[in-house]
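Read the structure below first, then the notes.
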Amino acid sequence: MGMRSYVKDYEVRYYEVDYKRRLLITNLMNYFSDIAMEHSDKCDIGLDFLMEKNLAWVLYEYDIELFKHTYYGEKVKITTTTHGFKKFFAFRLFKVEDEHGEIIAKAKSNFIMIDYKKRKPVRLAEEFYKGYDLTEDMKEELDFDKLEKLNNISEEKSFTVRYSDIDSNTHVNNVKYVEWLIEPVPLEIVKNNFLRRIKIKYVKECLYGDTINSKIQIVKEQDDIKIIHKIVNHEDKELTIAETYWSKEPEESNE
């Protein structure tokens with residue numbers, strides 16, 4: 001029997017929070033990766049199945065909205081749902097609720113199935129439709145906004161891809177790109193503002209030992225801040241583009 005949705009509870013650990021005890025966006029994304037893979041495992045189309053078939057999921061697009069902070073020690077319930085397939089694209093939704101059932105975050109994502117050895121897209125096979133309880137006519141897509149191009153550089157930082165940045169597909173884990181995206185953002189923005197939305201498009205992979213450059217353009221929008229991001233490799237080829245949206249931090253109640 002296939003399973004279109006899957007639910008899992010998480011408790012925020014100390015090593016997952018920032019200096020204000022708030023869950024980091026990157027660790028929320030780690031929760032998303034964890035539940036998506038566990039969902040697949042429960043449907044018998046998980047990591048072992050993929051490796052046997054020389055297949056891998058590659059994240060293409062993400063749109064994450066956050067409505068309030070989650071703090072150290074708090075519990076959250078995450079629901080993930082396979083929304084639909086189209087050719088080699090798979091659309092997945094996430095919903096995060098607190099202990100009172102209030103929605104505190106939601107996300108939509110677009111994954112591409114690739115042949116692990118050939119590094120080329122592969123049309124989704126019948127096993128995936130059965131595993132996620134989908135039918136061939138359920139080709140529902142999710143819409144993703146076109147991201148703004150970076151025109152001027154406000155800040156930039158360079159990094160070298162480390163062994164610990166590599167995932168089971170032997171390329172850089174998608175969460176690492178978000179760490180690199182946020183790192184050039186001035187500390188005053190990060191400290192005094194709430195990251196309420198992040199939209200990402202993964203364009204090209206990078207590998208162990210590569211040198212990358214993370215650039216940002218800061219755009220003021222009344223009381224809010226919009227930041228345009230771009231990560232390039234040493235040849236200045238685009239790897240990832242993104243937009244982040246920041247609002248003035250409300251008075252802390254969990255201090």
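Chain labels run A, B, ... following the order of the structure tokens; each chain numbers its residues from 1, and ligands are numbered from 1 in the order shown.
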- Message: For the structure I just gave you, how does DSSP split segment 84-243 of chain A - specifically, which residues are strand (DSSP E or B)? Reply as a PyMOL selection string.
- Response: chain A and resi 84-86+89-97+103-115+120-121+155-160+166+172+193-202+211-221+224-233+238-243
Write out, as an mmCIF file, in the first residue's frame, the residues just selected, with C-alpha atoms.
```cif
data_model
loop_
_atom_site.group_PDB
_atom_site.id
_atom_site.type_symbol
_atom_site.label_atom_id
_atom_site.label_comp_id
_atom_site.auth_asym_id
_atom_site.auth_seq_id
_atom_site.Cartn_x
_atom_site.Cartn_y
_atom_site.Cartn_z
ATOM 1 C CA GLY A 84 2.599 15.037 -7.835
ATOM 2 C CA PHE A 85 5.004 14.031 -10.606
ATOM 3 C CA LYS A 86 5.744 15.313 -14.080
ATOM 4 C CA PHE A 89 10.128 16.189 -11.591
ATOM 5 C CA ALA A 90 8.640 15.393 -8.173
ATOM 6 C CA PHE A 91 6.826 18.007 -6.103
ATOM 7 C CA ARG A 92 6.790 17.702 -2.302
ATOM 8 C CA LEU A 93 5.095 19.785 0.406
ATOM 9 C CA PHE A 94 5.997 20.297 4.065
ATOM 10 C CA LYS A 95 3.936 21.652 6.966
ATOM 11 C CA VAL A 96 5.340 22.372 10.434
ATOM 12 C CA GLU A 97 3.054 22.677 13.468
ATOM 13 C CA ILE A 103 1.297 26.234 11.618
ATOM 14 C CA ILE A 104 4.715 27.811 12.161
ATOM 15 C CA ALA A 105 6.309 27.049 8.780
ATOM 16 C CA LYS A 106 5.503 25.574 5.405
ATOM 17 C CA ALA A 107 7.506 24.733 2.318
ATOM 18 C CA LYS A 108 7.218 23.474 -1.219
ATOM 19 C CA SER A 109 9.977 21.760 -3.148
ATOM 20 C CA ASN A 110 10.804 20.431 -6.575
ATOM 21 C CA PHE A 111 13.139 17.447 -6.948
ATOM 22 C CA ILE A 112 14.603 15.881 -10.074
ATOM 23 C CA MET A 113 15.268 12.152 -10.393
ATOM 24 C CA ILE A 114 18.641 11.481 -12.021
ATOM 25 C CA ASP A 115 20.702 8.515 -13.118
ATOM 26 C CA LYS A 120 21.162 12.765 -16.359
ATOM 27 C CA PRO A 121 17.425 13.112 -15.554
ATOM 28 C CA GLU A 155 28.924 41.664 0.375
ATOM 29 C CA GLU A 156 30.664 38.426 -0.634
ATOM 30 C CA LYS A 157 32.576 35.549 0.921
ATOM 31 C CA SER A 158 34.530 32.597 -0.464
ATOM 32 C CA PHE A 159 34.547 28.986 0.719
ATOM 33 C CA THR A 160 36.225 25.708 -0.162
ATOM 34 C CA ILE A 166 29.373 16.057 0.742
ATOM 35 C CA VAL A 172 27.329 19.091 -1.832
ATOM 36 C CA ASN A 193 15.622 40.529 11.848
ATOM 37 C CA PHE A 194 13.468 37.453 11.361
ATOM 38 C CA LEU A 195 14.166 35.363 8.252
ATOM 39 C CA ARG A 196 10.586 34.845 7.132
ATOM 40 C CA ARG A 197 11.073 33.424 3.647
ATOM 41 C CA ILE A 198 13.747 31.855 1.489
ATOM 42 C CA LYS A 199 13.382 30.944 -2.184
ATOM 43 C CA ILE A 200 16.160 28.905 -3.774
ATOM 44 C CA LYS A 201 16.998 27.491 -7.185
ATOM 45 C CA TYR A 202 19.847 25.000 -7.474
ATOM 46 C CA THR A 211 36.168 26.991 -4.412
ATOM 47 C CA ILE A 212 32.896 28.914 -4.381
ATOM 48 C CA ASN A 213 31.967 32.557 -3.922
ATOM 49 C CA SER A 214 28.737 33.643 -2.215
ATOM 50 C CA LYS A 215 27.518 37.121 -3.226
ATOM 51 C CA ILE A 216 24.588 39.183 -1.993
ATOM 52 C CA GLN A 217 22.736 42.349 -2.935
ATOM 53 C CA ILE A 218 20.775 44.024 -0.111
ATOM 54 C CA VAL A 219 17.525 45.721 -1.129
ATOM 55 C CA LYS A 220 15.483 47.765 1.375
ATOM 56 C CA GLU A 221 11.697 47.388 1.107
ATOM 57 C CA ASP A 224 11.660 44.882 5.507
ATOM 58 C CA ILE A 225 14.843 43.710 3.839
ATOM 59 C CA LYS A 226 15.101 41.652 0.677
ATOM 60 C CA ILE A 227 18.431 40.060 -0.187
ATOM 61 C CA ILE A 228 19.321 38.672 -3.603
ATOM 62 C CA HIS A 229 21.863 35.850 -3.471
ATOM 63 C CA LYS A 230 24.122 34.116 -5.953
ATOM 64 C CA ILE A 231 26.757 31.406 -5.506
ATOM 65 C CA VAL A 232 29.333 30.914 -8.271
ATOM 66 C CA ASN A 233 32.329 28.615 -8.713
ATOM 67 C CA GLU A 238 26.253 30.098 -11.444
ATOM 68 C CA LEU A 239 25.608 27.305 -8.923
ATOM 69 C CA THR A 240 22.698 28.597 -6.859
ATOM 70 C CA ILE A 241 20.474 31.662 -6.833
ATOM 71 C CA ALA A 242 18.125 32.705 -4.048
ATOM 72 C CA GLU A 243 16.101 35.436 -2.397
#
```
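Minimum atom-to-atom distance to Glu188 of chain A, evaluated using only C-alpha atoms, belongs to A:Lys248 out of A:Lys176, A:Arg162, A:Lys237, A:Lys248.
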- Message: Please report the interatomic distance between atom CA of Ser168 of chain A and atom CA of Thr82 of chain A in Å with one decimal.
- Response: 21.8 Å
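The shell of residues at most 12 Å from Val190 of chain A, with only C-alpha atoms counted and near chain neighbours (fewer than 5 positions) removed, consists of Asp18, Tyr19, Lys20, Leu24, Ile25, Ile182, Glu183, Pro184, Val185, Leu195, Arg196, Ile225, Ile227, Thr244, Tyr245, Trp246, Ser247, Lys248 and Glu249 of chain A.
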Dump as a PDB file, in the first residue's frame, selection limited to C-alpha atoms:
```pdb
ATOM      1  CA  ASP A  18      21.569  29.766  17.419  1.00  0.00           C
ATOM      2  CA  TYR A  19      22.829  31.899  20.294  1.00  0.00           C
ATOM      3  CA  LYS A  20      19.245  33.019  21.033  1.00  0.00           C
ATOM      4  CA  LEU A  24      18.334  27.508  12.596  1.00  0.00           C
ATOM      5  CA  ILE A  25      16.744  27.499   9.126  1.00  0.00           C
ATOM      6  CA  ILE A 182      23.456  33.396   4.525  1.00  0.00           C
ATOM      7  CA  GLU A 183      27.083  33.749   5.623  1.00  0.00           C
ATOM      8  CA  PRO A 184      27.771  37.077   3.775  1.00  0.00           C
ATOM      9  CA  VAL A 185      24.625  38.666   5.275  1.00  0.00           C
ATOM     10  CA  LEU A 195      14.166  35.363   8.252  1.00  0.00           C
ATOM     11  CA  ARG A 196      10.586  34.845   7.132  1.00  0.00           C
ATOM     12  CA  ILE A 225      14.843  43.710   3.839  1.00  0.00           C
ATOM     13  CA  ILE A 227      18.431  40.060  -0.187  1.00  0.00           C
ATOM     14  CA  THR A 244      15.697  35.896   1.350  1.00  0.00           C
ATOM     15  CA  TYR A 245      13.160  38.122   3.077  1.00  0.00           C
ATOM     16  CA  TRP A 246      13.769  39.577   6.551  1.00  0.00           C
ATOM     17  CA  SER A 247      11.382  41.422   8.875  1.00  0.00           C
ATOM     18  CA  LYS A 248      12.147  43.385  12.025  1.00  0.00           C
ATOM     19  CA  GLU A 249      12.592  40.976  14.920  1.00  0.00           C
TER      20      GLU A 249
END
```
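Separating atom CA of Glu205 of chain A from atom CA of Tyr62 of chain A is a distance of 15.5 Å.
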- Give me the residues within 12 Å of Ser164 of chain A as a list in words, counting only C-alpha atoms and dropping any in the same chain fewer than 5 places off. Thr170, His171, Val172, Asn173, Val175, Lys176, Leu207, Tyr208 and Gly209 of chain A
How would the residues just chosen look if you wrote them out with C-alpha atoms as a compact mmCIF listing (two decimals), in the first residue's frame?
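Generated output (result_32.txt):
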```txt
# COMPACT_ATOMS: atom_id res chain seq x y z
CA THR A 170 28.83 12.61 -3.61
CA HIS A 171 27.84 16.22 -4.26
CA VAL A 172 27.33 19.09 -1.83
CA ASN A 173 24.32 18.70 0.45
CA VAL A 175 21.59 22.62 3.17
CA LYS A 176 25.26 23.60 2.85
CA LEU A 207 32.15 18.90 -5.72
CA TYR A 208 34.76 18.28 -3.06
CA GLY A 209 37.67 20.72 -3.25
```
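The residue that comes closest to Leu59 of chain A, out of A:Arg21, A:Ser33, A:Leu28, A:Gly131 and on the basis of only C-alpha atoms, is A:Ser33.
When the distance limit is 12 Å and only C-alpha atoms are what count, the residues near Gly101 of chain A, minus those fewer than 6 positions from it on the same chain, are A:Lys75, A:Val76, A:Lys77, A:Ile78, A:Thr79, A:Lys95.
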Write out the residues from the selection above, keeping N, CA and C atoms, as an mmCIF file, in the first residue's frame.
```cif
data_model
loop_
_atom_site.group_PDB
_atom_site.id
_atom_site.type_symbol
_atom_site.label_atom_id
_atom_site.label_comp_id
_atom_site.auth_asym_id
_atom_site.auth_seq_id
_atom_site.Cartn_x
_atom_site.Cartn_y
_atom_site.Cartn_z
ATOM 1 N N LYS A 75 8.729 21.106 20.826
ATOM 2 C CA LYS A 75 8.404 19.989 19.943
ATOM 3 C C LYS A 75 7.606 20.497 18.751
ATOM 4 N N VAL A 76 7.882 19.917 17.583
ATOM 5 C CA VAL A 76 7.136 20.259 16.375
ATOM 6 C C VAL A 76 6.691 18.982 15.682
ATOM 7 N N LYS A 77 5.611 19.096 14.948
ATOM 8 C CA LYS A 77 5.113 17.985 14.122
ATOM 9 C C LYS A 77 5.236 18.402 12.666
ATOM 10 N N ILE A 78 5.908 17.581 11.874
ATOM 11 C CA ILE A 78 6.081 17.882 10.451
ATOM 12 C C ILE A 78 5.316 16.859 9.618
ATOM 13 N N THR A 79 4.552 17.374 8.676
ATOM 14 C CA THR A 79 3.837 16.534 7.709
ATOM 15 C C THR A 79 4.422 16.797 6.333
ATOM 16 N N LYS A 95 4.672 20.800 6.026
ATOM 17 C CA LYS A 95 3.936 21.652 6.966
ATOM 18 C C LYS A 95 4.484 21.401 8.369
#
```
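Summary of the local environment: counting only C-alpha atoms, residues at most 8 Å from His69 of chain A, other than itself and those fewer than 3 positions away along its chain, are A:Arg22, A:Leu23, A:Leu66, A:Ile104.
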Residues just named, written with N, CA and C atoms as a PDB file, in the first residue's frame:
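Below is the file that was written, again.pdb:
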```
ATOM      1  N   ARG A  22      17.143  29.787  19.056  1.00  0.00           N
ATOM      2  CA  ARG A  22      16.170  29.641  17.980  1.00  0.00           C
ATOM      3  C   ARG A  22      16.647  28.585  16.982  1.00  0.00           C
ATOM      4  N   LEU A  23      15.730  27.753  16.537  1.00  0.00           N
ATOM      5  CA  LEU A  23      16.063  26.738  15.539  1.00  0.00           C
ATOM      6  C   LEU A  23      16.581  27.400  14.273  1.00  0.00           C
ATOM      7  N   LEU A  66       8.375  31.007   6.920  1.00  0.00           N
ATOM      8  CA  LEU A  66       8.398  30.841   8.367  1.00  0.00           C
ATOM      9  C   LEU A  66       7.520  31.912   9.000  1.00  0.00           C
ATOM     10  N   ILE A 104       3.612  26.867  11.934  1.00  0.00           N
ATOM     11  CA  ILE A 104       4.715  27.811  12.161  1.00  0.00           C
ATOM     12  C   ILE A 104       5.656  27.905  10.959  1.00  0.00           C
TER      13      ILE A 104
END
```
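With only C-alpha atoms as the atoms that count, the minimum distance from Glu11 of chain A to the choices A:Asp143, A:Glu74, A:Asp41, A:Glu148 is reached by A:Glu74.
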